[in-house]
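Novice: The file below is protein-v8.cif, mmCIF, C-alpha atoms and all ligand atoms:
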data_final
#
loop_
_atom_site.label_atom_id
_atom_site.label_comp_id
_atom_site.auth_asym_id
_atom_site.auth_seq_id
_atom_site.Cartn_x
_atom_site.Cartn_y
_atom_site.Cartn_z
CA MET X 23 18.98 -20.15 -12.74
CA ASP X 24 17.32 -20.26 -9.31
CA LYS X 25 14.76 -22.79 -8.14
CA ILE X 26 12.31 -22.58 -5.27
CA VAL X 27 12.10 -25.77 -3.25
CA ILE X 28 9.10 -26.28 -0.95
CA ARG X 29 8.35 -29.08 1.48
CA GLY X 30 4.61 -29.01 2.00
CA GLY X 31 2.64 -29.45 5.18
CA ALA X 32 3.36 -26.38 7.30
CA ARG X 33 0.52 -24.26 8.60
CA LEU X 34 1.21 -20.56 8.01
CA ALA X 35 1.07 -18.39 11.12
CA GLY X 36 2.36 -14.95 12.08
CA GLU X 37 2.55 -11.56 10.42
CA VAL X 38 3.52 -10.49 6.95
CA THR X 39 4.06 -6.97 5.66
CA ILE X 40 2.62 -6.27 2.25
CA SER X 41 4.89 -4.43 -0.21
CA GLY X 42 4.04 -1.55 -2.51
CA ALA X 43 2.00 -2.52 -5.56
CA LYS X 44 3.99 -3.40 -8.65
CA ASN X 45 1.12 -2.43 -10.94
CA ALA X 46 0.79 0.96 -9.27
CA ALA X 47 4.53 1.61 -9.02
CA LEU X 48 5.15 1.03 -12.74
CA PRO X 49 2.87 3.80 -14.09
CA VAL X 50 3.76 6.11 -11.21
CA ILE X 51 7.48 5.84 -11.99
CA VAL X 52 6.77 6.26 -15.70
CA SER X 53 4.76 9.43 -14.96
CA SER X 54 8.10 11.08 -14.09
CA LEU X 55 8.51 11.41 -17.89
CA LEU X 56 5.84 14.12 -17.86
CA ALA X 57 7.87 16.68 -15.88
CA GLY X 58 11.54 17.53 -15.46
CA GLY X 59 13.03 17.92 -11.96
CA TRP X 60 13.44 15.45 -9.12
CA ASN X 61 10.40 13.26 -8.36
CA THR X 62 10.49 11.25 -5.12
CA TYR X 63 8.66 7.95 -4.76
CA ARG X 64 8.01 5.89 -1.60
CA ASN X 65 6.86 2.32 -1.05
CA ILE X 66 8.41 1.11 -4.31
CA PRO X 67 8.80 -2.68 -4.20
CA ASN X 68 12.15 -4.22 -5.00
CA LEU X 69 11.19 -6.23 -8.08
CA VAL X 70 12.63 -7.15 -11.44
CA ASP X 71 9.87 -5.22 -13.29
CA ILE X 72 10.79 -2.08 -11.34
CA LYS X 73 14.46 -2.55 -12.32
CA THR X 74 13.36 -2.92 -15.94
CA THR X 75 11.41 0.36 -15.70
CA LYS X 76 14.44 2.13 -14.23
CA ARG X 77 16.58 0.78 -17.08
CA LEU X 78 14.04 2.10 -19.58
CA LEU X 79 14.17 5.55 -17.98
CA LEU X 80 17.98 5.54 -17.80
CA GLY X 81 17.96 4.69 -21.51
CA PHE X 82 15.94 7.85 -22.18
CA GLY X 83 18.58 9.88 -20.31
CA ALA X 84 16.80 10.18 -16.95
CA LYS X 85 18.78 10.42 -13.70
CA VAL X 86 17.87 7.81 -11.09
CA GLU X 87 18.90 7.81 -7.41
CA GLU X 88 18.05 5.01 -5.04
CA GLY X 89 18.04 4.95 -1.27
CA GLU X 90 15.13 4.76 1.09
CA THR X 91 13.13 6.45 -1.64
CA LEU X 92 13.42 6.29 -5.41
CA ARG X 93 14.27 9.63 -7.02
CA ILE X 94 13.99 10.29 -10.73
CA ASP X 95 14.77 13.39 -12.77
CA THR X 96 13.74 13.39 -16.42
CA GLY X 97 14.86 17.02 -16.95
CA SER X 98 17.20 16.32 -19.86
CA LEU X 99 15.99 13.40 -21.95
CA THR X 100 18.26 12.31 -24.78
CA SER X 101 16.28 9.44 -26.34
CA CYS X 102 12.65 8.51 -26.90
CA GLU X 103 13.22 4.87 -27.79
CA ALA X 104 12.14 1.85 -25.72
CA PRO X 105 14.17 -1.04 -27.13
CA TYR X 106 12.90 -4.56 -27.81
CA ASP X 107 15.31 -6.14 -25.31
CA LEU X 108 13.58 -4.38 -22.41
CA VAL X 109 10.02 -4.31 -23.73
CA ARG X 110 9.96 -8.05 -24.42
CA THR X 111 10.64 -8.77 -20.74
CA MET X 112 7.89 -6.42 -19.55
CA ARG X 113 4.78 -5.66 -21.55
CA ALA X 114 3.95 -2.71 -19.29
CA SER X 115 6.84 -0.86 -21.02
CA ILE X 116 4.15 0.35 -23.43
CA LEU X 117 3.24 2.81 -20.63
CA VAL X 118 6.08 5.09 -21.76
CA LEU X 119 4.40 5.72 -25.11
CA GLY X 120 1.74 8.21 -23.97
CA PRO X 121 3.98 10.31 -21.69
CA LEU X 122 6.83 10.48 -24.23
CA VAL X 123 4.57 11.63 -27.08
CA ALA X 124 2.86 14.11 -24.79
CA ARG X 125 6.06 15.72 -23.51
CA MET X 126 8.61 15.11 -26.28
CA GLY X 127 6.30 15.02 -29.31
CA LYS X 128 7.64 11.64 -30.35
CA ALA X 129 8.31 8.09 -29.18
CA ARG X 130 9.62 4.86 -30.63
CA VAL X 131 8.53 1.86 -28.55
CA SER X 132 9.03 -1.77 -29.44
CA LEU X 133 5.78 -3.72 -29.80
CA PRO X 134 5.51 -6.13 -26.87
CA GLY X 135 4.38 -9.11 -28.97
CA GLY X 136 2.46 -12.10 -27.64
CA CYS X 137 2.81 -13.43 -24.14
CA ALA X 138 2.10 -16.53 -22.13
CA ILE X 139 -1.39 -15.41 -21.14
CA GLY X 140 -2.82 -14.57 -24.53
CA ALA X 141 -2.38 -12.17 -27.42
CA ARG X 142 -2.60 -9.02 -25.23
CA PRO X 143 -2.54 -6.47 -28.04
CA VAL X 144 -1.99 -2.72 -27.58
CA ASN X 145 -4.43 -1.65 -30.30
CA LEU X 146 -6.59 0.33 -27.86
CA HIS X 147 -3.58 2.40 -26.70
CA LEU X 148 -2.75 3.21 -30.33
CA LYS X 149 -6.33 3.94 -31.34
CA ALA X 150 -6.73 6.41 -28.48
CA LEU X 151 -3.47 8.23 -29.26
CA THR X 152 -4.49 8.44 -32.92
CA ALA X 153 -7.83 9.96 -31.85
CA MET X 154 -5.78 12.55 -29.94
CA GLY X 155 -3.97 13.52 -33.14
CA ALA X 156 -0.82 11.38 -32.94
CA HIS X 157 0.56 10.03 -36.19
CA ILE X 158 1.38 6.38 -35.64
CA GLU X 159 3.37 4.01 -37.84
CA LEU X 160 4.47 0.46 -37.22
CA ASN X 161 8.00 -0.04 -38.52
CA ASN X 162 10.33 -2.99 -37.91
CA GLY X 163 8.43 -4.16 -34.87
CA TYR X 164 8.33 -0.67 -33.36
CA VAL X 165 5.46 1.75 -32.79
CA GLU X 166 6.61 5.16 -34.00
CA ALA X 167 4.39 7.95 -32.77
CA THR X 168 4.68 11.68 -33.39
CA ALA X 169 2.51 14.62 -32.43
CA PRO X 170 3.54 18.29 -32.14
CA ARG X 171 0.91 18.53 -29.38
CA LEU X 172 -1.85 16.04 -28.59
CA SER X 173 -5.44 17.28 -28.61
CA GLY X 174 -8.12 16.24 -26.17
CA ALA X 175 -10.70 13.74 -27.46
CA THR X 176 -13.53 11.55 -26.25
CA ILE X 177 -12.29 7.99 -26.17
CA TYR X 178 -14.40 4.92 -25.65
CA PHE X 179 -12.46 1.78 -24.71
CA ASP X 180 -14.42 -1.17 -26.05
CA ILE X 181 -12.55 -3.44 -23.62
CA VAL X 182 -11.59 -2.30 -20.12
CA THR X 183 -7.83 -1.90 -20.24
CA VAL X 184 -5.76 -0.98 -17.19
CA THR X 185 -2.49 0.11 -18.79
CA GLY X 186 -4.48 1.54 -21.74
CA THR X 187 -6.40 3.81 -19.35
CA GLU X 188 -3.16 4.79 -17.56
CA ASN X 189 -1.26 5.45 -20.77
CA ILE X 190 -3.91 7.72 -22.25
CA MET X 191 -4.64 9.43 -18.92
CA MET X 192 -0.94 10.36 -18.70
CA ALA X 193 -0.85 11.53 -22.33
CA ALA X 194 -3.99 13.64 -21.86
CA THR X 195 -2.55 15.62 -18.94
CA LEU X 196 -0.45 17.66 -21.38
CA ALA X 197 -2.88 17.62 -24.33
CA ARG X 198 -4.67 20.71 -25.59
CA GLY X 199 -8.23 20.72 -24.22
CA ARG X 200 -10.38 18.08 -22.59
CA THR X 201 -10.09 14.31 -22.89
CA VAL X 202 -12.87 12.03 -21.70
CA LEU X 203 -12.11 8.33 -21.20
CA GLU X 204 -15.26 6.20 -21.31
CA ASN X 205 -15.36 2.62 -20.06
CA ALA X 206 -12.12 3.43 -18.27
CA ALA X 207 -10.50 0.94 -15.88
CA ARG X 208 -11.51 1.53 -12.23
CA GLU X 209 -8.57 -0.31 -10.65
CA PRO X 210 -7.04 1.28 -7.50
CA GLU X 211 -3.76 1.50 -9.43
CA VAL X 212 -5.45 3.89 -11.89
CA THR X 213 -6.73 6.01 -9.00
CA ASN X 214 -3.26 6.04 -7.39
CA LEU X 215 -1.77 7.28 -10.67
CA ALA X 216 -4.48 9.95 -11.09
CA GLN X 217 -3.74 11.23 -7.58
CA VAL X 218 -0.01 11.44 -8.35
CA LEU X 219 -0.70 13.24 -11.64
CA ASN X 220 -3.02 15.72 -9.91
CA ASP X 221 -0.29 16.35 -7.32
CA MET X 222 1.98 17.15 -10.32
CA GLY X 223 -0.54 19.80 -11.41
CA ALA X 224 -2.77 17.74 -13.71
CA ARG X 225 -6.54 18.26 -13.79
CA ILE X 226 -8.12 14.82 -13.63
CA SER X 227 -11.52 13.94 -12.24
CA GLY X 228 -13.53 10.74 -12.11
CA ALA X 229 -10.62 8.31 -11.52
CA GLY X 230 -12.05 5.22 -9.83
CA THR X 231 -15.20 5.46 -11.97
CA ASP X 232 -15.58 4.38 -15.58
CA VAL X 233 -15.57 7.93 -16.93
CA ILE X 234 -12.37 9.91 -16.40
CA THR X 235 -12.09 13.52 -17.50
CA ILE X 236 -8.72 15.15 -18.03
CA ASP X 237 -8.29 18.85 -18.77
CA GLY X 238 -4.87 19.32 -20.35
CA VAL X 239 -2.41 21.77 -18.79
CA GLU X 240 0.70 23.47 -20.22
CA GLU X 241 3.15 21.74 -17.91
CA LEU X 242 3.47 19.56 -14.83
CA HIS X 243 5.91 19.79 -11.95
CA PRO X 244 7.80 17.10 -10.00
CA VAL X 245 6.14 15.41 -7.08
CA GLU X 246 6.59 13.35 -3.91
CA ALA X 247 4.36 10.31 -4.16
CA VAL X 248 3.51 7.13 -2.27
CA VAL X 249 2.51 3.88 -3.95
CA ILE X 250 -0.49 1.93 -2.62
CA PRO X 251 -0.07 -1.57 -1.09
CA ASP X 252 -0.08 -4.53 -3.44
CA ARG X 253 -3.56 -6.06 -3.40
CA VAL X 254 -2.42 -9.03 -5.49
CA GLU X 255 0.42 -9.86 -3.11
CA ALA X 256 -2.03 -9.47 -0.20
CA GLY X 257 -4.57 -11.73 -1.93
CA THR X 258 -1.89 -14.34 -2.60
CA PHE X 259 -0.94 -14.45 1.10
CA MET X 260 -4.63 -14.57 2.07
CA ILE X 261 -5.19 -17.59 -0.16
CA ALA X 262 -1.99 -19.26 1.09
CA ALA X 263 -3.05 -18.71 4.72
CA ALA X 264 -6.52 -20.07 3.97
CA MET X 265 -5.28 -23.18 2.18
CA THR X 266 -2.87 -24.16 4.93
CA GLY X 267 -5.52 -23.71 7.66
CA GLY X 268 -3.28 -20.93 8.91
CA ASP X 269 -3.67 -17.78 10.99
CA VAL X 270 -1.90 -14.85 9.37
CA VAL X 271 -2.06 -11.10 9.91
CA LEU X 272 -1.38 -8.98 6.84
CA ARG X 273 0.15 -5.61 7.75
CA GLN X 274 0.13 -2.55 5.52
CA CYS X 275 -2.57 -3.84 3.24
CA GLU X 276 -5.62 -1.92 2.10
CA PRO X 277 -8.80 -3.96 2.79
CA ARG X 278 -10.92 -1.55 0.70
CA HIS X 279 -9.08 -2.75 -2.40
CA LEU X 280 -9.73 -6.38 -1.51
CA ASP X 281 -13.54 -6.42 -1.20
CA ALA X 282 -14.17 -9.03 -3.89
CA VAL X 283 -11.35 -11.22 -2.59
CA ILE X 284 -12.58 -10.97 1.00
CA HIS X 285 -16.15 -11.86 0.05
CA THR X 286 -15.01 -14.76 -2.13
CA LEU X 287 -12.79 -16.23 0.57
CA GLN X 288 -15.46 -15.77 3.23
CA GLU X 289 -17.85 -17.72 1.01
CA ALA X 290 -15.23 -20.49 0.93
CA GLY X 291 -15.33 -20.60 4.74
CA VAL X 292 -12.24 -18.49 5.46
CA GLY X 293 -12.30 -16.23 8.51
CA ILE X 294 -11.30 -12.65 7.72
CA ILE X 295 -11.09 -10.12 10.51
CA PRO X 296 -10.10 -6.45 10.13
CA VAL X 297 -7.22 -5.51 12.42
CA GLU X 298 -5.30 -2.26 12.88
CA GLY X 299 -3.53 -1.51 9.57
CA GLY X 300 -4.59 -4.71 7.89
CA LEU X 301 -6.40 -8.03 8.01
CA ARG X 302 -6.24 -11.30 9.91
CA VAL X 303 -6.94 -14.41 7.87
CA VAL X 304 -7.91 -17.67 9.55
CA GLY X 305 -8.10 -20.77 7.38
CA PRO X 306 -10.88 -23.30 8.04
CA PRO X 307 -10.20 -27.03 8.56
CA ASP X 308 -11.80 -27.60 5.11
CA ILE X 309 -12.19 -25.10 2.30
CA THR X 310 -15.68 -25.05 0.75
CA SER X 311 -15.77 -25.12 -3.04
CA ILE X 312 -17.23 -22.01 -4.68
CA ASN X 313 -17.61 -20.58 -8.16
CA VAL X 314 -15.45 -17.60 -9.06
CA LYS X 315 -15.41 -15.35 -12.13
CA THR X 316 -12.62 -12.88 -12.87
CA ILE X 317 -13.91 -9.43 -13.79
CA PRO X 318 -12.19 -6.04 -14.04
CA TYR X 319 -12.13 -4.13 -10.72
CA PRO X 320 -14.13 -4.09 -8.49
CA GLY X 321 -14.63 -7.74 -9.55
CA PHE X 322 -12.43 -10.66 -8.54
CA PRO X 323 -8.97 -9.95 -10.06
CA THR X 324 -7.62 -12.09 -12.89
CA ASP X 325 -4.22 -11.78 -11.17
CA LEU X 326 -5.54 -14.03 -8.37
CA GLN X 327 -7.28 -16.55 -10.63
CA ALA X 328 -4.37 -19.03 -10.67
CA GLN X 329 -3.99 -18.88 -6.89
CA MET X 330 -7.75 -19.40 -6.46
CA ILE X 331 -7.64 -22.49 -8.69
CA ALA X 332 -4.83 -23.89 -6.52
CA CYS X 333 -7.03 -23.26 -3.49
CA MET X 334 -10.12 -24.85 -5.03
CA SER X 335 -8.10 -27.90 -6.07
CA VAL X 336 -8.17 -29.03 -2.41
CA ALA X 337 -11.65 -27.71 -1.54
CA ARG X 338 -14.58 -29.91 -0.60
CA GLY X 339 -16.75 -30.37 -3.74
CA ILE X 340 -16.71 -29.05 -7.28
CA SER X 341 -15.99 -25.47 -8.24
CA VAL X 342 -15.90 -23.52 -11.47
CA VAL X 343 -13.40 -20.73 -11.97
CA THR X 344 -14.13 -18.62 -15.06
CA GLU X 345 -11.59 -16.28 -16.64
CA THR X 346 -13.21 -13.37 -18.50
CA VAL X 347 -10.29 -10.94 -18.74
CA PHE X 348 -7.65 -12.90 -20.63
CA GLU X 349 -7.91 -15.82 -23.00
CA ASN X 350 -5.48 -18.67 -22.46
CA ARG X 351 -4.64 -17.92 -18.85
CA PHE X 352 -4.78 -21.51 -17.66
CA MET X 353 -1.23 -22.77 -18.19
CA HIS X 354 -0.82 -23.35 -14.43
CA VAL X 355 -3.70 -25.83 -14.53
CA TYR X 356 -1.59 -28.43 -16.33
CA GLU X 357 1.17 -28.08 -13.75
CA LEU X 358 -1.37 -28.32 -10.90
CA MET X 359 -2.69 -31.51 -12.52
CA ARG X 360 0.83 -32.92 -12.36
CA MET X 361 0.57 -32.37 -8.61
CA GLY X 362 -2.63 -34.42 -8.49
CA ALA X 363 -5.30 -31.73 -9.01
CA ASP X 364 -8.45 -32.87 -10.81
CA ILE X 365 -9.28 -30.08 -13.27
CA VAL X 366 -10.96 -29.94 -16.67
CA ILE X 367 -10.80 -26.84 -18.85
CA GLU X 368 -13.94 -26.03 -20.80
CA GLY X 369 -13.67 -22.82 -22.80
CA PRO X 370 -13.03 -19.95 -20.38
CA SER X 371 -13.78 -22.10 -17.31
CA ALA X 372 -11.79 -24.49 -15.16
CA ILE X 373 -13.94 -27.14 -13.53
CA ILE X 374 -12.20 -28.29 -10.41
CA LYS X 375 -13.04 -31.36 -8.38
CA GLY X 376 -11.41 -30.96 -5.01
CA VAL X 377 -9.00 -33.73 -4.01
CA PRO X 378 -7.96 -34.55 -0.43
CA LYS X 379 -4.32 -33.72 -1.12
CA LEU X 380 -1.83 -32.62 -3.75
CA ARG X 381 1.55 -34.29 -4.19
CA GLY X 382 4.84 -32.44 -4.61
CA ALA X 383 6.40 -32.50 -8.09
CA PRO X 384 8.92 -30.61 -10.22
CA VAL X 385 6.88 -27.82 -11.83
CA MET X 386 7.58 -24.99 -14.19
CA ALA X 387 6.09 -21.52 -14.17
CA THR X 388 4.84 -19.92 -17.37
CA ASP X 389 3.97 -16.51 -16.00
CA LEU X 390 4.09 -14.45 -12.87
CA ARG X 391 0.79 -15.34 -11.22
CA ALA X 392 0.99 -18.97 -12.38
CA SER X 393 4.25 -19.25 -10.40
CA ALA X 394 2.52 -17.93 -7.29
CA SER X 395 -0.21 -20.56 -7.63
CA LEU X 396 2.39 -23.32 -7.88
CA VAL X 397 4.23 -22.04 -4.81
CA ILE X 398 1.07 -22.06 -2.71
CA ALA X 399 0.09 -25.47 -4.08
CA GLY X 400 3.54 -26.65 -2.96
CA LEU X 401 2.81 -25.39 0.55
CA ILE X 402 0.01 -27.89 1.05
CA ALA X 403 1.34 -30.71 -1.14
CA GLU X 404 2.68 -33.89 0.36
CA GLY X 405 6.45 -34.08 -0.24
CA THR X 406 8.68 -31.71 -2.16
CA THR X 407 7.79 -29.30 -4.96
CA GLU X 408 10.55 -27.75 -7.05
CA LEU X 409 9.59 -24.67 -9.01
CA SER X 410 11.85 -23.70 -11.88
CA ARG X 411 11.84 -20.51 -13.99
CA VAL X 412 11.74 -18.51 -10.76
CA TYR X 413 12.43 -15.30 -12.71
CA HIS X 414 8.70 -15.07 -13.37
CA ILE X 415 7.88 -14.82 -9.67
CA ASP X 416 10.70 -12.32 -9.07
CA ARG X 417 8.99 -9.96 -11.52
CA GLY X 418 6.11 -9.42 -9.12
CA TYR X 419 6.71 -10.77 -5.60
CA GLU X 420 9.26 -9.24 -3.25
CA ARG X 421 11.24 -11.98 -1.44
CA ILE X 422 8.26 -14.35 -1.47
CA GLU X 423 10.29 -17.26 -0.09
CA GLU X 424 11.57 -15.15 2.80
CA LYS X 425 8.10 -13.88 3.67
CA LEU X 426 6.58 -17.38 3.53
CA SER X 427 9.43 -18.90 5.45
CA ARG X 428 8.94 -16.33 8.24
CA LEU X 429 5.32 -17.55 8.42
CA GLY X 430 6.58 -21.07 9.02
CA ALA X 431 6.71 -22.52 5.50
CA ASP X 432 9.53 -24.89 4.61
CA ILE X 433 10.66 -23.05 1.49
CA ARG X 434 14.04 -22.05 0.15
CA ARG X 435 15.69 -20.67 -2.95
CA VAL X 436 18.38 -22.83 -4.47
CA LYS X 437 21.00 -21.71 -7.01
CA VAL X 438 21.26 -24.28 -9.77
C1 LIG X 501 -2.87 -4.99 -16.30
C2 LIG X 501 -2.01 -5.52 -15.18
C3 LIG X 501 -2.09 -7.04 -15.13
C4 LIG X 501 -3.55 -7.49 -15.03
C5 LIG X 501 -4.40 -6.83 -16.10
C6 LIG X 501 -5.88 -7.09 -15.93
C7 LIG X 501 -0.25 -3.88 -15.06
C8 LIG X 501 1.17 -3.54 -15.27
N1 LIG X 501 -0.64 -5.09 -15.43
O1 LIG X 501 -2.36 -5.51 -17.51
O2 LIG X 501 -1.36 -7.48 -13.99
O3 LIG X 501 -3.62 -8.88 -15.20
O4 LIG X 501 -4.22 -5.40 -16.09
O5 LIG X 501 -6.30 -6.70 -14.67
O6 LIG X 501 -1.00 -3.09 -14.52
N2 LIG X 501 -6.65 -5.54 -24.60
C9 LIG X 501 -6.86 -5.36 -25.95
N3 LIG X 501 -6.27 -4.29 -26.55
C10 LIG X 501 -5.50 -3.38 -25.88
C11 LIG X 501 -5.30 -3.57 -24.51
C12 LIG X 501 -5.90 -4.65 -23.88
O7 LIG X 501 -7.55 -6.15 -26.59
O8 LIG X 501 -5.00 -2.43 -26.50
C13 LIG X 501 -7.28 -6.69 -23.90
C14 LIG X 501 -6.25 -7.67 -23.35
O9 LIG X 501 -5.83 -8.61 -24.32
C15 LIG X 501 -7.04 -8.32 -22.23
C16 LIG X 501 -7.92 -7.17 -21.71
O10 LIG X 501 -7.92 -6.20 -22.74
O11 LIG X 501 -7.85 -9.35 -22.72
C17 LIG X 501 -7.42 -6.52 -20.44
O12 LIG X 501 -6.06 -6.20 -20.57
P1 LIG X 501 -5.40 -4.95 -19.86
O13 LIG X 501 -6.29 -4.43 -18.79
O14 LIG X 501 -4.95 -3.99 -20.89
O15 LIG X 501 -4.13 -5.61 -19.18
P2 LIG X 501 -2.78 -4.87 -18.89
O16 LIG X 501 -3.06 -3.43 -18.70
O17 LIG X 501 -1.76 -5.28 -19.89
#
Written as structure tokens, how would this file's structure read?
Ligand code: UD1
Specialist:
Amino acid sequence: MDKIVIRGGARLAGEVTISGAKNAALPVIVSSLLAGGWNTYRNIPNLVDIKTTKRLLLGFGAKVEEGETLRIDTGSLTSCEAPYDLVRTMRASILVLGPLVARMGKARVSLPGGCAIGARPVNLHLKALTAMGAHIELNNGYVEATAPRLSGATIYFDIVTVTGTENIMMAATLARGRTVLENAAREPEVTNLAQVLNDMGARISGAGTDVITIDGVEELHPVEAVVIPDRVEAGTFMIAAAMTGGDVVLRQCEPRHLDAVIHTLQEAGVGIIPVEGGLRVVGPPDITSINVKTIPYPGFPTDLQAQMIACMSVARGISVVTETVFENRFMHVYELMRMGADIVIEGPSAIIKGVPKLRGAPVMATDLRASASLVIAGLIAEGTTELSRVYHIDRGYERIEEKLSRLGADIRRVKV
């Protein structure tokens, strides 16, 4: 199993190109299940979660071709089952449920189970499909859903759910009649998916607001689609640049999707300047401590909470970072404390007293974004940090060690 070894102290400088968004690419690729024929996708990041999605689709009988673009044809599906072995490695596999029921009339998808950042149930996905007329049974750890044809319904999500909104939006494109999603997720990834579905012939309006209306159509057609830039990868590089007092230009990022992150970092004293096709981030000599609360989009993203805690751990003063999206998403805090961070957890908040420096240590990642926070902590720590369980970071960051190393970091991947 690989390790990432970092010798801290380098100031990041130069340019980095942001990859396509994992969280947009996953539902976009899955939307190929809604129409036979060759779909073509651009700006797909090369990540383990994308490979897992391709394996899921191949398992259903889809044809997949890879080159400069990703091409998928789901014209002759032979199976509607998403097996436990794949689903357990990627919770977002649940996204296949809606499209399969909508197009094939049935689906058997393993329940994802718990995960390192909380219970993360899929009850809202199931409740919405039931409201649309699907018959759902839970058997042997699998969700078994059938519906000759889904019917439109008004669905109120009592918690904002990103993949829940995407799943039901996809299902509703082929349902009979109108579906209205209330308290829908407003994330740019949802809007990207809605655009792709509309290009396939769907009739969706309101994506990007909290009420999405979908008028079902008889069939969709294949599409050529582009995935938006990864705002979480961009935010991670912004925080890393800020923490190291660096000067980094992010290319191919979408500043409009980063409003909350830009404002938060500016408040912490970071210089952020729009440049052609991206942003320039200039780290201050000292980061100012600030309070941050994660909130569904357009709020500060939970997927940057761990990185922000790493940043605040060396800020001047005391800061409070509050997690409102997931319970139990603080596992990285205990690893950061092993590097010398001074943090107390109180309920949903981390109270962080900035220290002058962190010290390198062997650390272990528990989830994807936690690993990113430990990598950036390693960048400013004195001495060497060794991050194990690198497979977590490979799920969501494309060649992170190469990109950081090109910015001047002393970081390498080691085969153990
Ligand atoms: C997506 C993102 C993930 C991000 C998260 C929140 C993808 C592939 N993943 O995850 O990176 O951290 O949004 O921005 O896009 N919930 C329920 N019942 C449900 C569904 C969700 O109670 O049926 C709860 C969850 O436990 C959580 C909250 O709703 O507390 C938000 O979760 P959700 O938005 O669904 O996260 P994901 O879509 O899984």
Novice: For ligand LIG 501 (chain X), list the contacting residues at 9 Å or closer, counting only C-alpha atoms and all ligand atoms, as JSON, numbers by chain.
Specialist: {"X": [44, 45, 46, 47, 48, 49, 112, 113, 114, 115, 116, 117, 139, 140, 141, 142, 143, 144, 145, 146, 147, 148, 149, 179, 180, 181, 182, 183, 184, 185, 186, 187, 188, 207, 209, 211, 212, 254, 317, 318, 319, 323, 324, 325, 326, 346, 347, 348, 349, 390, 391]}
Novice: To one decimal place in Å, what is the distance between CA of Glu276 in chain X and CA of Val249 in chain X?
Specialist: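 These atoms are spaced 11.7 Å apart.
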Novice: Select, from X:Ile295, X:Val202, X:Val218, X:Ile51, the residue with the minimum atom-to-atom distance to Ala84 in chain X, counting only C-alpha atoms.
Specialist: X:Ile51
Novice: Identify, on the basis of only C-alpha atoms, every residue whose closest approach to range 411-425 of chain X does not exceed 10 Å; exclude the query and any residue fewer than 5 positions from it along the same chain; express the result as a count of residues only.
Specialist: 47
Novice: Write out as an NGL selection string which residues come within 6 Å of range 366-380 of chain X when counting only C-alpha atoms, dropping same-chain ones fewer than 4 positions away.
Specialist: :X and (335-345 or 361-362 or 403)
Novice: Save out the residues we just selected, C-alpha atoms, as a compact mmCIF listing (two decimals), in the coordinates of the input.
Specialist:
# COMPACT_ATOMS: atom_id res chain seq x y z
CA SER X 335 -8.10 -27.90 -6.07
CA VAL X 336 -8.17 -29.03 -2.41
CA ALA X 337 -11.65 -27.71 -1.54
CA ARG X 338 -14.58 -29.91 -0.60
CA GLY X 339 -16.75 -30.37 -3.74
CA ILE X 340 -16.71 -29.05 -7.28
CA SER X 341 -15.99 -25.47 -8.24
CA VAL X 342 -15.90 -23.52 -11.47
CA VAL X 343 -13.40 -20.73 -11.97
CA THR X 344 -14.13 -18.62 -15.06
CA GLU X 345 -11.59 -16.28 -16.64
CA MET X 361 0.57 -32.37 -8.61
CA GLY X 362 -2.63 -34.42 -8.49
CA ALA X 403 1.34 -30.71 -1.14
Novice: Measuring between all atoms listed in the file, which one of X:Glu90, X:Asp281, X:Glu404, X:Asp364 shows the shortest distance to Ala32 in chain X?
Specialist: X:Glu404
Novice: One number please: CA of Arg208 in chain X to CA of Gly321 in chain X, in Å, one decimal.
Specialist: 10.1 Å
Novice: List every protein, DNA or RNA residue that has at least one atom no more than 10 Å from (0.0, 11.4, -4.6) in the file's coordinates, counting all atoms listed in the file, and write the result as a PDB file with C-alpha atoms, keeping the file's coordinate frame.
Specialist:
ATOM      1  CA  VAL X  50       3.760   6.110 -11.210  1.00  0.00           C
ATOM      2  CA  TYR X  63       8.660   7.950  -4.760  1.00  0.00           C
ATOM      3  CA  THR X 213      -6.730   6.010  -9.000  1.00  0.00           C
ATOM      4  CA  ASN X 214      -3.260   6.040  -7.390  1.00  0.00           C
ATOM      5  CA  LEU X 215      -1.770   7.280 -10.670  1.00  0.00           C
ATOM      6  CA  ALA X 216      -4.480   9.950 -11.090  1.00  0.00           C
ATOM      7  CA  GLN X 217      -3.740  11.230  -7.580  1.00  0.00           C
ATOM      8  CA  VAL X 218      -0.010  11.440  -8.350  1.00  0.00           C
ATOM      9  CA  LEU X 219      -0.700  13.240 -11.640  1.00  0.00           C
ATOM     10  CA  ASN X 220      -3.020  15.720  -9.910  1.00  0.00           C
ATOM     11  CA  ASP X 221      -0.290  16.350  -7.320  1.00  0.00           C
ATOM     12  CA  MET X 222       1.980  17.150 -10.320  1.00  0.00           C
ATOM     13  CA  VAL X 245       6.140  15.410  -7.080  1.00  0.00           C
ATOM     14  CA  GLU X 246       6.590  13.350  -3.910  1.00  0.00           C
ATOM     15  CA  ALA X 247       4.360  10.310  -4.160  1.00  0.00           C
ATOM     16  CA  VAL X 248       3.510   7.130  -2.270  1.00  0.00           C
ATOM     17  CA  VAL X 249       2.510   3.880  -3.950  1.00  0.00           C
ATOM     18  CA  ILE X 250      -0.490   1.930  -2.620  1.00  0.00           C
TER      19      ILE X 250
END
Novice: Just checking: using all atoms listed in the file, which residue out of X:Glu103, X:Asp237, X:Glu298, X:Glu408 ends up closest to Ala193 in chain X?
Specialist: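 Distance minimum relative to Ala193 in chain X lands on X:Asp237.
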Novice: Considering all atoms listed in the file, can you say which of X:Met330, X:Val436, X:Val118, X:Leu358 comes closest to Ser410 in chain X?
Specialist: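 Checking each candidate against Ser410 in chain X, we get X:Val436 as the closest.
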